[in-house]
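Heads up, target_33.txt below (compact mmCIF, C-alpha atoms):
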```txt
# COMPACT_ATOMS: atom_id res chain seq x y z
CA MET A 587 172.72 89.94 33.71
CA ALA A 588 171.56 92.67 36.10
CA SER A 589 173.85 93.64 38.94
CA ALA A 590 172.81 93.08 42.56
CA PRO A 591 172.19 96.81 43.23
CA LEU A 592 170.03 97.01 40.11
CA ARG A 593 168.02 93.98 41.18
CA PHE A 594 167.60 95.49 44.64
CA ALA A 595 166.38 98.80 43.19
CA SER A 596 163.96 96.97 40.87
CA LEU A 597 162.64 94.94 43.78
CA ALA A 598 162.11 98.09 45.87
CA ILE A 599 160.25 99.78 43.01
CA VAL A 600 158.04 96.75 42.41
CA GLY A 601 157.31 96.48 46.14
CA PHE A 602 156.26 100.10 46.51
CA LEU A 603 154.16 100.03 43.36
CA ALA A 604 152.52 96.70 44.17
CA ILE A 605 151.21 97.83 47.58
CA THR A 606 150.15 101.22 46.20
CA CYS A 607 148.22 99.68 43.30
CA PHE A 608 146.70 96.99 45.54
CA ASP A 609 145.32 99.62 47.91
CA ILE A 610 143.98 101.75 45.06
CA ALA A 611 142.30 98.76 43.42
CA THR A 612 140.77 97.33 46.59
CA GLY A 613 140.07 100.48 48.58
CA LEU A 614 142.02 99.05 51.52
CA GLU A 615 144.50 100.97 53.66
CA HIS A 616 147.95 99.73 54.57
CA TRP A 617 149.40 102.89 56.07
CA PRO A 618 151.61 104.64 54.95
CA PHE A 619 150.11 103.41 51.68
CA GLY A 620 146.43 104.05 51.18
CA SER A 621 143.46 104.43 48.89
CA TYR A 622 142.92 108.11 49.77
CA PRO A 623 139.15 107.94 50.18
CA MET A 624 138.74 111.34 51.87
CA TYR A 625 135.60 113.18 50.72
CA SER A 626 134.81 110.32 48.34
CA LEU A 627 131.29 109.64 49.64
CA THR A 628 128.39 111.59 48.24
CA HIS A 629 126.75 114.14 50.50
CA THR A 630 123.16 115.33 50.65
CA ASP A 631 121.89 118.66 51.93
CA ARG A 632 121.35 117.11 55.37
CA LEU A 633 124.44 116.93 57.60
CA SER A 634 124.70 114.97 60.83
CA TRP A 635 127.80 115.27 63.01
CA LEU A 636 128.82 114.46 66.57
CA ARG A 637 129.63 117.42 68.80
CA LEU A 638 130.92 117.64 72.34
CA TYR A 639 129.66 120.20 74.81
CA GLY A 640 131.14 120.92 78.20
CA VAL A 641 128.77 121.67 81.07
CA THR A 642 130.01 124.59 83.17
CA ASP A 643 128.37 126.51 86.01
CA ALA A 644 127.25 129.01 83.38
CA GLY A 645 125.74 126.39 81.06
CA GLU A 646 126.93 124.44 78.01
CA ILE A 647 129.89 125.44 75.88
CA PRO A 648 130.87 123.80 72.58
CA LEU A 649 134.28 122.08 72.62
CA ARG A 650 136.63 121.78 69.65
CA GLY A 651 139.12 118.97 69.27
CA GLU A 652 142.34 120.81 68.51
CA ARG A 653 141.62 123.71 70.86
CA ASP A 654 140.18 121.97 73.90
CA LEU A 655 140.90 118.26 73.60
CA ALA A 656 144.43 117.97 72.23
CA PRO A 657 146.07 115.80 70.99
CA PHE A 658 142.81 115.06 69.16
CA ASP A 659 141.81 117.26 66.27
CA GLN A 660 138.16 117.70 65.43
CA SER A 661 137.81 115.20 62.60
CA ARG A 662 139.85 112.45 64.29
CA LEU A 663 137.91 112.87 67.53
CA VAL A 664 134.51 112.68 65.85
CA MET A 665 135.52 109.69 63.76
CA ALA A 666 136.87 107.91 66.82
CA LEU A 667 133.66 108.58 68.79
CA ASN A 668 131.59 107.39 65.83
CA ARG A 669 133.55 104.15 65.72
CA LEU A 670 133.22 103.63 69.46
CA GLN A 671 129.48 104.27 69.29
CA SER A 672 128.96 101.61 66.64
CA ALA A 673 131.35 99.09 68.24
CA PRO A 674 130.13 96.21 70.44
CA GLY A 675 129.67 97.55 74.00
CA GLY A 676 129.47 101.04 72.51
CA ASN A 677 127.77 102.72 75.50
CA ARG A 678 130.41 101.54 77.96
CA LYS A 679 133.21 102.54 75.60
CA LEU A 680 131.68 105.97 75.04
CA ASP A 681 131.44 106.52 78.82
CA GLU A 682 135.09 105.65 79.23
CA ALA A 683 136.04 107.83 76.26
CA LEU A 684 134.16 110.85 77.64
CA ARG A 685 135.77 110.44 81.07
CA ASN A 686 139.19 110.43 79.40
CA LEU A 687 138.30 113.50 77.33
CA MET A 688 137.33 115.36 80.51
CA GLN A 689 140.74 114.50 81.93
CA LEU A 690 142.45 115.74 78.77
CA TYR A 691 140.51 119.01 79.04
CA SER A 692 141.38 119.46 82.73
CA ARG A 693 145.04 118.61 82.13
CA ARG A 694 145.22 121.13 79.31
CA ASN A 695 143.63 123.76 81.56
CA ALA A 696 146.17 123.05 84.28
CA GLN A 697 149.06 123.28 81.81
CA HIS A 698 147.87 126.46 80.11
CA GLY A 699 146.74 128.35 83.22
CA ASN A 700 142.96 127.91 83.10
CA ALA A 701 142.53 128.45 79.39
CA GLY A 702 138.85 127.52 79.68
CA PRO A 703 136.18 127.26 82.39
CA PRO A 704 136.19 124.11 84.55
CA LEU A 705 133.77 121.43 83.39
CA ARG A 706 131.23 119.64 85.58
CA ALA A 707 130.18 117.28 82.82
CA LEU A 708 130.70 116.41 79.19
CA ARG A 709 127.88 115.73 76.75
CA LEU A 710 128.02 114.15 73.33
CA TYR A 711 125.29 115.15 70.91
CA ALA A 712 124.40 114.15 67.38
CA VAL A 713 123.69 117.49 65.72
CA SER A 714 122.06 117.84 62.33
CA TRP A 715 121.57 120.70 59.92
CA VAL A 716 119.80 121.22 56.60
CA LEU A 717 122.49 122.88 54.49
CA ARG A 718 121.56 125.98 52.50
CA PRO A 719 123.71 128.47 50.59
CA GLY A 720 124.55 131.44 52.77
CA MET A 721 125.06 129.43 55.96
CA GLN A 722 128.08 130.53 58.00
CA GLY A 723 128.71 127.48 60.16
CA SER A 724 127.49 129.05 63.39
CA GLU A 725 123.79 128.16 62.99
CA PRO A 726 122.44 125.86 65.76
CA GLY A 727 121.20 122.49 64.61
CA GLU A 728 118.82 119.84 65.93
CA ARG A 729 120.49 118.00 68.79
CA ILE A 730 120.05 114.50 70.20
CA LEU A 731 121.92 113.55 73.37
CA ILE A 732 124.06 110.44 72.77
CA ALA A 733 126.14 110.16 75.96
CA GLN A 734 127.09 112.10 79.06
CA THR A 735 129.61 111.85 81.85
CA GLY A 736 130.09 113.81 85.09
CA ASP A 737 127.57 115.89 87.03
CA GLY A 738 125.26 117.16 84.31
CA THR A 739 122.44 118.46 86.52
CA GLU A 740 121.40 122.01 85.60
CA ARG A 741 122.06 124.72 88.19
CA MET B 617 158.72 95.94 28.08
CA ASN B 618 162.06 95.50 29.77
CA ARG B 619 163.48 98.37 27.73
CA HIS B 620 160.60 100.70 28.69
CA TRP B 621 160.94 99.70 32.34
CA HIS B 622 164.63 100.51 32.32
CA ARG B 623 164.18 103.76 30.47
CA TYR B 624 161.45 104.92 32.86
CA TRP B 625 163.19 104.01 36.11
CA PHE B 626 166.88 103.82 35.39
CA THR B 627 167.67 106.72 33.09
CA PRO B 628 171.03 107.91 34.41
CA ALA B 629 171.04 111.01 36.59
CA THR B 630 173.73 112.92 38.41
CA ALA B 631 174.71 112.36 42.02
CA GLU B 632 174.18 116.09 42.53
CA HIS B 633 170.54 115.83 41.49
CA LEU B 634 169.80 113.16 44.10
CA ALA B 635 171.84 115.01 46.72
CA LEU B 636 169.81 118.16 46.10
CA ALA B 637 166.59 116.15 46.41
CA ARG B 638 167.92 114.85 49.74
CA ILE B 639 168.71 118.32 51.06
CA VAL B 640 165.35 119.76 49.97
CA THR B 641 163.29 116.79 51.21
CA TYR B 642 164.83 116.40 54.65
CA GLY B 643 165.10 120.17 55.10
CA LEU B 644 161.42 120.65 54.29
CA LEU B 645 160.33 117.74 56.46
CA PHE B 646 162.36 119.12 59.36
CA ALA B 647 160.68 122.52 59.01
CA ILE B 648 157.19 121.05 58.58
CA TYR B 649 157.41 118.61 61.48
CA LEU B 650 159.38 120.71 63.93
CA PRO B 651 156.20 121.49 65.94
CA LEU B 652 155.11 117.80 65.99
CA ASP B 653 154.50 116.57 69.52
CA ASP B 654 153.16 113.04 70.03
CA ARG B 655 153.56 113.00 73.82
CA GLY B 656 149.88 113.85 74.30
CA TRP B 657 148.87 110.44 72.94
CA THR B 658 150.36 108.79 76.02
CA GLN B 659 147.53 110.40 78.03
CA VAL B 660 144.74 109.08 75.81
CA SER B 661 142.68 106.14 77.07
CA PRO B 662 143.28 102.70 75.53
CA VAL B 663 139.58 102.71 74.61
CA PHE B 664 140.57 104.96 71.66
CA TRP B 665 143.33 102.59 70.54
CA MET B 666 142.48 101.38 67.00
CA PRO B 667 145.85 100.38 65.54
CA VAL B 668 146.62 100.52 61.84
CA SER B 669 149.24 98.75 59.79
CA VAL B 670 152.14 97.27 61.79
CA PHE B 671 151.02 99.10 64.93
CA HIS B 672 148.90 96.00 65.55
CA VAL B 673 151.99 94.43 67.08
CA LEU B 674 151.72 96.87 70.00
CA SER B 675 149.46 95.74 72.83
CA GLY B 676 148.15 99.26 73.38
CA PRO B 677 149.03 102.93 73.16
CA PRO B 678 152.47 103.94 74.42
CA ARG B 679 152.40 105.24 77.98
CA ASN B 680 155.88 106.70 78.43
CA SER B 681 155.83 110.37 77.43
CA VAL B 682 159.54 110.80 78.26
CA LEU B 683 160.42 108.06 75.80
CA ILE B 684 158.19 109.56 73.10
CA GLY B 685 159.78 112.96 73.75
CA ALA B 686 163.26 111.47 73.37
CA LEU B 687 162.29 109.68 70.15
CA GLN B 688 160.93 112.93 68.75
CA ILE B 689 164.17 114.75 69.43
CA LEU B 690 166.11 111.88 67.87
CA TRP B 691 163.86 111.88 64.80
CA LYS B 692 164.08 115.62 64.21
CA THR B 693 167.83 115.49 64.69
CA SER B 694 168.07 112.65 62.18
CA LEU B 695 166.10 114.72 59.64
CA LEU B 696 168.61 117.51 60.06
CA THR B 697 171.67 115.27 59.89
CA SER B 698 170.20 113.51 56.84
CA ALA B 699 169.76 116.89 55.14
CA ILE B 700 173.38 117.84 55.67
CA GLY B 701 174.57 114.29 55.10
CA LEU B 702 176.15 113.65 58.47
CA PHE B 703 176.33 109.96 59.49
CA SER B 704 174.18 109.56 56.38
CA ARG B 705 173.42 105.85 56.45
CA ILE B 706 172.36 105.71 60.09
CA SER B 707 170.65 109.12 59.86
CA THR B 708 168.45 108.23 56.89
CA LEU B 709 167.52 104.84 58.37
CA THR B 710 166.66 106.45 61.71
CA ALA B 711 164.62 109.16 59.99
CA ALA B 712 162.62 106.50 58.12
CA ALA B 713 162.04 104.18 61.08
CA LEU B 714 161.14 106.87 63.60
CA GLY B 715 159.15 108.79 60.99
CA PHE B 716 157.07 105.66 60.44
CA PHE B 717 156.41 105.36 64.17
CA LEU B 718 155.87 109.01 65.11
CA LEU B 719 153.77 109.97 62.07
CA GLY B 720 151.84 106.71 62.20
CA LEU B 721 151.01 106.78 65.90
CA PRO B 722 148.22 109.43 65.76
CA ASN B 723 146.50 107.40 63.05
CA CYS B 724 145.93 104.64 65.61
CA PHE B 725 143.38 106.76 67.48
CA GLY B 726 140.31 106.53 65.31
CA LYS B 727 141.15 108.00 61.93
CA ILE B 728 143.90 107.89 59.33
CA HIS B 729 144.90 111.35 58.17
CA HIS B 730 146.30 110.91 54.70
CA LEU B 731 148.69 113.85 54.97
CA ASP B 732 151.60 111.97 56.49
CA GLY B 733 151.70 108.78 54.46
CA PHE B 734 153.64 110.16 51.51
CA PRO B 735 156.45 111.74 53.61
CA VAL B 736 157.04 108.37 55.27
CA LEU B 737 157.29 106.67 51.88
CA VAL B 738 159.81 109.27 50.73
CA LEU B 739 161.85 108.75 53.89
CA CYS B 740 161.92 105.00 53.21
CA ILE B 741 162.93 105.49 49.56
CA LEU B 742 165.76 107.89 50.40
CA ALA B 743 166.99 105.55 53.16
CA LEU B 744 167.41 102.86 50.47
CA SER B 745 169.23 105.17 48.09
CA PRO B 746 172.80 106.48 47.77
CA CYS B 747 171.53 110.03 48.35
CA ALA B 748 174.56 111.20 50.32
CA ASP B 749 177.29 110.19 47.85
CA ILE B 750 178.00 113.85 47.27
CA TRP B 751 177.36 117.22 48.93
CA SER B 752 177.37 115.67 52.38
CA ALA B 753 179.14 116.39 55.62
CA ASP B 754 180.35 112.80 55.54
CA GLY B 755 182.04 113.48 52.23
CA ALA B 756 183.73 116.60 53.54
CA LEU B 757 184.88 114.87 56.71
CA TRP B 758 185.66 111.29 55.81
CA ARG B 759 185.24 110.49 52.14
CA LYS B 760 188.03 108.63 50.50
CA PRO B 761 189.17 110.16 47.22
CA GLU B 762 188.14 107.10 45.21
CA THR B 763 184.42 107.34 46.10
CA ARG B 764 182.51 107.17 42.83
CA THR B 765 179.96 109.84 41.94
CA GLY B 766 179.02 111.32 38.59
CA VAL B 767 176.17 110.06 36.39
CA SER B 768 174.56 106.70 37.11
CA TRP B 769 171.24 104.86 37.05
CA GLN B 770 171.50 104.69 40.86
CA TYR B 771 170.82 108.40 41.20
CA GLY B 772 167.65 108.58 39.12
CA TRP B 773 165.24 105.97 40.37
CA PRO B 774 164.70 107.25 43.96
CA VAL B 775 163.37 110.63 42.81
CA ARG B 776 161.40 109.01 39.97
CA LEU B 777 159.78 106.56 42.41
CA ALA B 778 158.91 109.33 44.88
CA GLN B 779 157.41 111.41 42.06
CA THR B 780 155.40 108.41 40.88
CA LEU B 781 154.01 107.64 44.34
CA PHE B 782 153.17 111.32 44.85
CA LEU B 783 151.11 111.50 41.67
CA LEU B 784 149.49 108.14 42.40
CA THR B 785 148.14 109.49 45.70
CA PHE B 786 146.11 112.04 43.73
CA PHE B 787 144.99 109.50 41.17
CA ALA B 788 143.88 107.30 44.08
CA ALA B 789 141.83 110.17 45.50
CA GLY B 790 140.12 110.76 42.15
CA TRP B 791 139.54 107.05 41.62
CA ALA B 792 138.06 106.68 45.13
CA LYS B 793 135.52 109.43 44.38
CA LEU B 794 134.29 107.58 41.30
CA TRP B 795 134.48 104.20 43.05
CA HIS B 796 132.50 105.24 46.14
CA GLY B 797 130.35 108.06 44.83
CA GLY B 798 130.06 107.32 41.11
CA LEU B 799 128.94 110.07 38.79
CA ALA B 800 126.79 111.44 41.63
CA TRP B 801 129.97 112.72 43.22
CA MET B 802 130.34 115.18 40.35
CA THR B 803 127.03 116.93 41.00
CA ALA B 804 126.55 120.48 42.23
CA THR B 805 124.56 119.23 45.24
CA ASN B 806 127.42 117.07 46.44
CA MET B 807 130.05 119.79 46.06
CA ARG B 808 127.84 122.38 47.74
CA SER B 809 127.19 120.05 50.67
CA ILE B 810 130.92 119.43 51.14
CA TRP B 811 131.69 123.14 51.12
CA LEU B 812 128.88 124.04 53.51
CA GLY B 813 129.31 121.00 55.73
CA GLU B 814 132.93 121.81 56.47
CA LEU B 815 131.84 125.15 57.94
CA PHE B 816 130.17 123.13 60.70
CA THR B 817 132.63 120.29 61.09
CA HIS B 818 135.99 122.06 60.68
CA THR B 819 137.34 125.55 61.16
CA PRO B 820 138.25 126.82 57.68
CA PRO B 821 140.18 130.11 57.64
CA THR B 822 137.71 131.72 55.21
CA ARG B 823 133.99 131.60 54.44
CA LEU B 824 134.67 131.09 50.71
CA GLY B 825 132.72 127.83 50.82
CA SER B 826 129.59 129.63 51.92
CA TYR B 827 130.12 132.33 49.29
CA PHE B 828 130.80 130.00 46.34
CA ALA B 829 127.95 127.67 47.29
CA ARG B 830 125.47 130.29 46.05
CA TRP B 831 126.22 129.44 42.42
CA GLY B 832 125.10 126.04 41.23
CA TRP B 833 127.17 126.19 38.03
CA LEU B 834 130.31 126.91 40.05
CA CYS B 835 129.66 123.92 42.35
CA GLN B 836 129.14 121.71 39.29
CA PHE B 837 132.28 123.01 37.58
CA ALA B 838 134.37 122.53 40.74
CA ALA B 839 133.14 118.95 41.23
CA ILE B 840 133.94 117.87 37.67
CA THR B 841 137.27 119.73 37.61
CA THR B 842 138.36 118.16 40.90
CA VAL B 843 137.90 114.62 39.59
CA ILE B 844 139.48 115.38 36.21
CA VAL B 845 142.56 117.04 37.73
CA GLU B 846 143.05 114.20 40.20
CA LEU B 847 142.64 111.50 37.56
CA ALA B 848 145.04 113.37 35.25
CA ALA B 849 147.81 112.53 37.72
CA LEU B 850 148.08 109.03 36.21
CA PRO B 851 148.70 110.04 32.56
CA ALA B 852 150.95 112.86 33.85
CA LEU B 853 153.32 110.14 35.02
CA PHE B 854 154.03 109.22 31.41
CA ALA B 855 153.21 112.37 29.42
CA ARG B 856 155.77 115.02 30.23
CA ARG B 857 153.61 117.79 28.70
CA LEU B 858 150.76 117.02 31.08
CA ARG B 859 152.97 117.16 34.16
CA VAL B 860 153.27 120.89 34.75
CA PRO B 861 149.59 121.77 34.19
CA THR B 862 148.51 118.79 36.29
CA LEU B 863 150.83 119.69 39.15
CA ALA B 864 149.70 123.32 38.95
CA GLY B 865 146.08 122.16 39.04
CA LEU B 866 146.69 119.84 42.01
CA PHE B 867 148.53 122.57 43.90
CA GLY B 868 145.68 125.03 43.23
CA LEU B 869 143.19 122.40 44.36
CA GLN B 870 145.03 121.90 47.65
CA VAL B 871 145.25 125.65 48.24
CA LEU B 872 141.49 125.96 47.72
CA ILE B 873 140.87 122.98 50.02
CA ALA B 874 142.94 124.71 52.72
CA LEU B 875 141.06 127.99 52.30
CA MET B 876 137.57 126.53 51.97
CA LEU B 877 137.69 123.36 54.06
CA GLY B 878 140.46 124.05 56.56
CA VAL B 879 142.44 120.91 55.62
CA TYR B 880 146.13 121.72 55.21
CA PHE B 881 148.23 119.46 53.01
CA THR B 882 151.51 121.05 54.06
CA PRO B 883 153.56 117.79 53.83
CA SER B 884 152.64 117.64 50.13
CA LEU B 885 155.13 120.47 49.58
CA VAL B 886 157.80 117.78 49.63
CA GLY B 887 156.16 116.07 46.66
CA TYR B 888 155.90 119.27 44.64
CA ALA B 889 159.52 120.15 45.46
CA LEU B 890 160.65 116.87 43.86
CA PHE B 891 159.32 118.10 40.52
CA LEU B 892 161.22 121.39 40.64
CA PRO B 893 163.99 121.74 38.04
CA LEU B 894 166.66 120.79 40.56
CA GLU B 895 169.31 120.55 37.83
CA ARG B 896 169.15 124.35 37.44
CA CYS B 897 169.80 124.86 41.16
CA GLN B 898 172.45 122.17 40.85
CA ARG B 899 174.38 124.19 38.26
CA VAL B 900 174.28 127.28 40.46
CA LEU B 901 175.25 125.35 43.59
CA ALA B 902 178.07 123.52 41.84
CA ARG B 903 179.87 126.84 41.41
CA PHE B 904 180.07 127.25 45.17
CA VAL B 905 180.27 123.69 46.51
CA PRO B 906 183.26 121.58 45.50
```

Would you give me this structure, written as structure tokens?
Amino acid sequence: MASAPLRFASLAIVGFLAITCFDIATGLEHWPFGSYPMYSLTHTDRLSWLRLYGVTDAGEIPLRGERDLAPFDQSRLVMALNRLQSAPGGNRKLDEALRNLMQLYSRRNAQHGNAGPPLRALRLYAVSWVLRPGMQGSEPGERILIAQTGDGTER
Amino acid sequence: MNRHWHRYWFTPATAEHLALARIVTYGLLFAIYLPLDDRGWTQVSPVFWMPVSVFHVLSGPPRNSVLIGALQILWKTSLLTSAIGLFSRISTLTAAALGFFLLGLPNCFGKIHHLDGFPVLVLCILALSPCADIWSADGALWRKPETRTGVSWQYGWPVRLAQTLFLLTFFAAGWAKLWHGGLAWMTATNMRSIWLGELFTHTPPTRLGSYFARWGWLCQFAAITTVIVELAALPALFARRLRVPTLAGLFGLQVLIALMLGVYFTPSLVGYALFLPLERCQRVLARFVP
């Protein structure tokens, strides 16, 4: 006859293992458990990715999640924008999201003593590249404007 | 079956071994998460709110940055007090509950980062275990002389469960690649595209991805090796001989991912630490700690 502490430990082990194995088998995510699907999709030599550009008086500047739009990091921000874009009412949600991102940028500038130039507008592009060995990551790609907020008129 | 189950999970271990695992785990987590600051999420629009797991019970993102700041201080303090074994029961429970909330919160804004899931599981396991029966501030301050320590089944299963879940995360990653990508995942084209694509989508600290992508055979080798090493995590659970080479391979893989893709699996250090020969440190420590 197992003691109560032994039964409790067995139950805890079974519980942890059951959720872990369920997520692995089904591909579902019950955080903090998960199916760990990062990088599991196959990739071709054509890459398409969302990128944010700030419009300043001097023109457009690329923005990075962790540097300019904290607390977002780059991959979380892009994934979130992708999900908003494909959600019902995507255009309205993207507008609201971009307005909030401009606020985050301005707030960060105020807190860090003008770490970057002030933005007049924010633009979201879908950028695509044909990947070739030797690329460095700085090559410009083909851009399609997805959404914009603020005063984006060229000066 | 019952005998194998008991032998795998409940082989007796010393109280010192579990105590050392407690000190290393909470100490590492404290150091890793000291810079964590979730207050910024209170400024993010509810339009980004995409809750995961039990965060669905919240009606929206938290708005009170002072409260989040206070919870962070409490959490980090509880990690420290759990490491030294002060107010152990309440400390370990607080560390688990607040760790769940604070590490889970960012995942509710569009994407789950899989770095922080395992530490939360370890916090939950240790909170359920008698990890502060020995080598704790509580023991030095308040322990009654009759408190039982020594060798028991109670001291083995928490570390064994944490080790098992750690290796299963890698097996899951390997399995997901075959499940979603099939054999096509293990082609040179796929690996090359991942390496080169990350140069545009992340900020890796080196340009090794660009350099290595020149050689098709190397891309092919890396793709196949990645899947094999990750899948080897499952048999490594049962075959002791496989464990060290598999862990070394997984660690090397994560170092290369950090260098080439700019994804840092720092919290995984906790998992690797659980496989260290703690009993050797235990013998050395036992000379100095009563």

Can you work out which residues from chain A touch chain B at a cut-off of 7 Å (counting only C-alpha atoms) and hand them back as a PyMOL selection string?
chain A and resi 599+610+616-619+621-623+626-631+633+657+660+662+665-666+679+683+686+717+719-723

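Here atom CA of A:Ser672 stands at a distance of 28.8 Å from atom CA of B:Tyr880.
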
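Taking atom CA of B:Ile684 and atom CA of B:Ala712 as endpoints, the distance between them is 15.9 Å.
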
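What separates atom CA of B:Leu687 from atom CA of B:Ile700 is a distance of 20.0 Å.
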
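You can rank A:Arg729, A:Arg593, A:Arg669, A:Arg685 by their closest distance to A:Tyr711 using all atoms listed in the file, and at the top of that list sits A:Arg729.
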
May I have the protein, DNA and RNA residues with any atom at most 10 Å from the point (126.9, 123.3, 73.1), counting all atoms listed in the file, written as a VMD selection string?
chain A and resid 637 to 641 645 to 649 708 to 711 713 726 729

Produce a file of the selected residues containing C-alpha atoms, as a CSV table (one decimal), in the frame of the given file.
```
chain,number,residue,atom,x,y,z
A,637,ARG,CA,129.6,117.4,68.8
A,638,LEU,CA,130.9,117.6,72.3
A,639,TYR,CA,129.7,120.2,74.8
A,640,GLY,CA,131.1,120.9,78.2
A,641,VAL,CA,128.8,121.7,81.1
A,645,GLY,CA,125.7,126.4,81.1
A,646,GLU,CA,126.9,124.4,78.0
A,647,ILE,CA,129.9,125.4,75.9
A,648,PRO,CA,130.9,123.8,72.6
A,649,LEU,CA,134.3,122.1,72.6
A,708,LEU,CA,130.7,116.4,79.2
A,709,ARG,CA,127.9,115.7,76.8
A,710,LEU,CA,128.0,114.2,73.3
A,711,TYR,CA,125.3,115.2,70.9
A,713,VAL,CA,123.7,117.5,65.7
A,726,PRO,CA,122.4,125.9,65.8
A,729,ARG,CA,120.5,118.0,68.8
```

Distance criterion (only C-alpha atoms): nearest to B:Val879 out of A:Trp715, A:Phe658, A:Tyr625, A:Trp635:
A:Tyr625
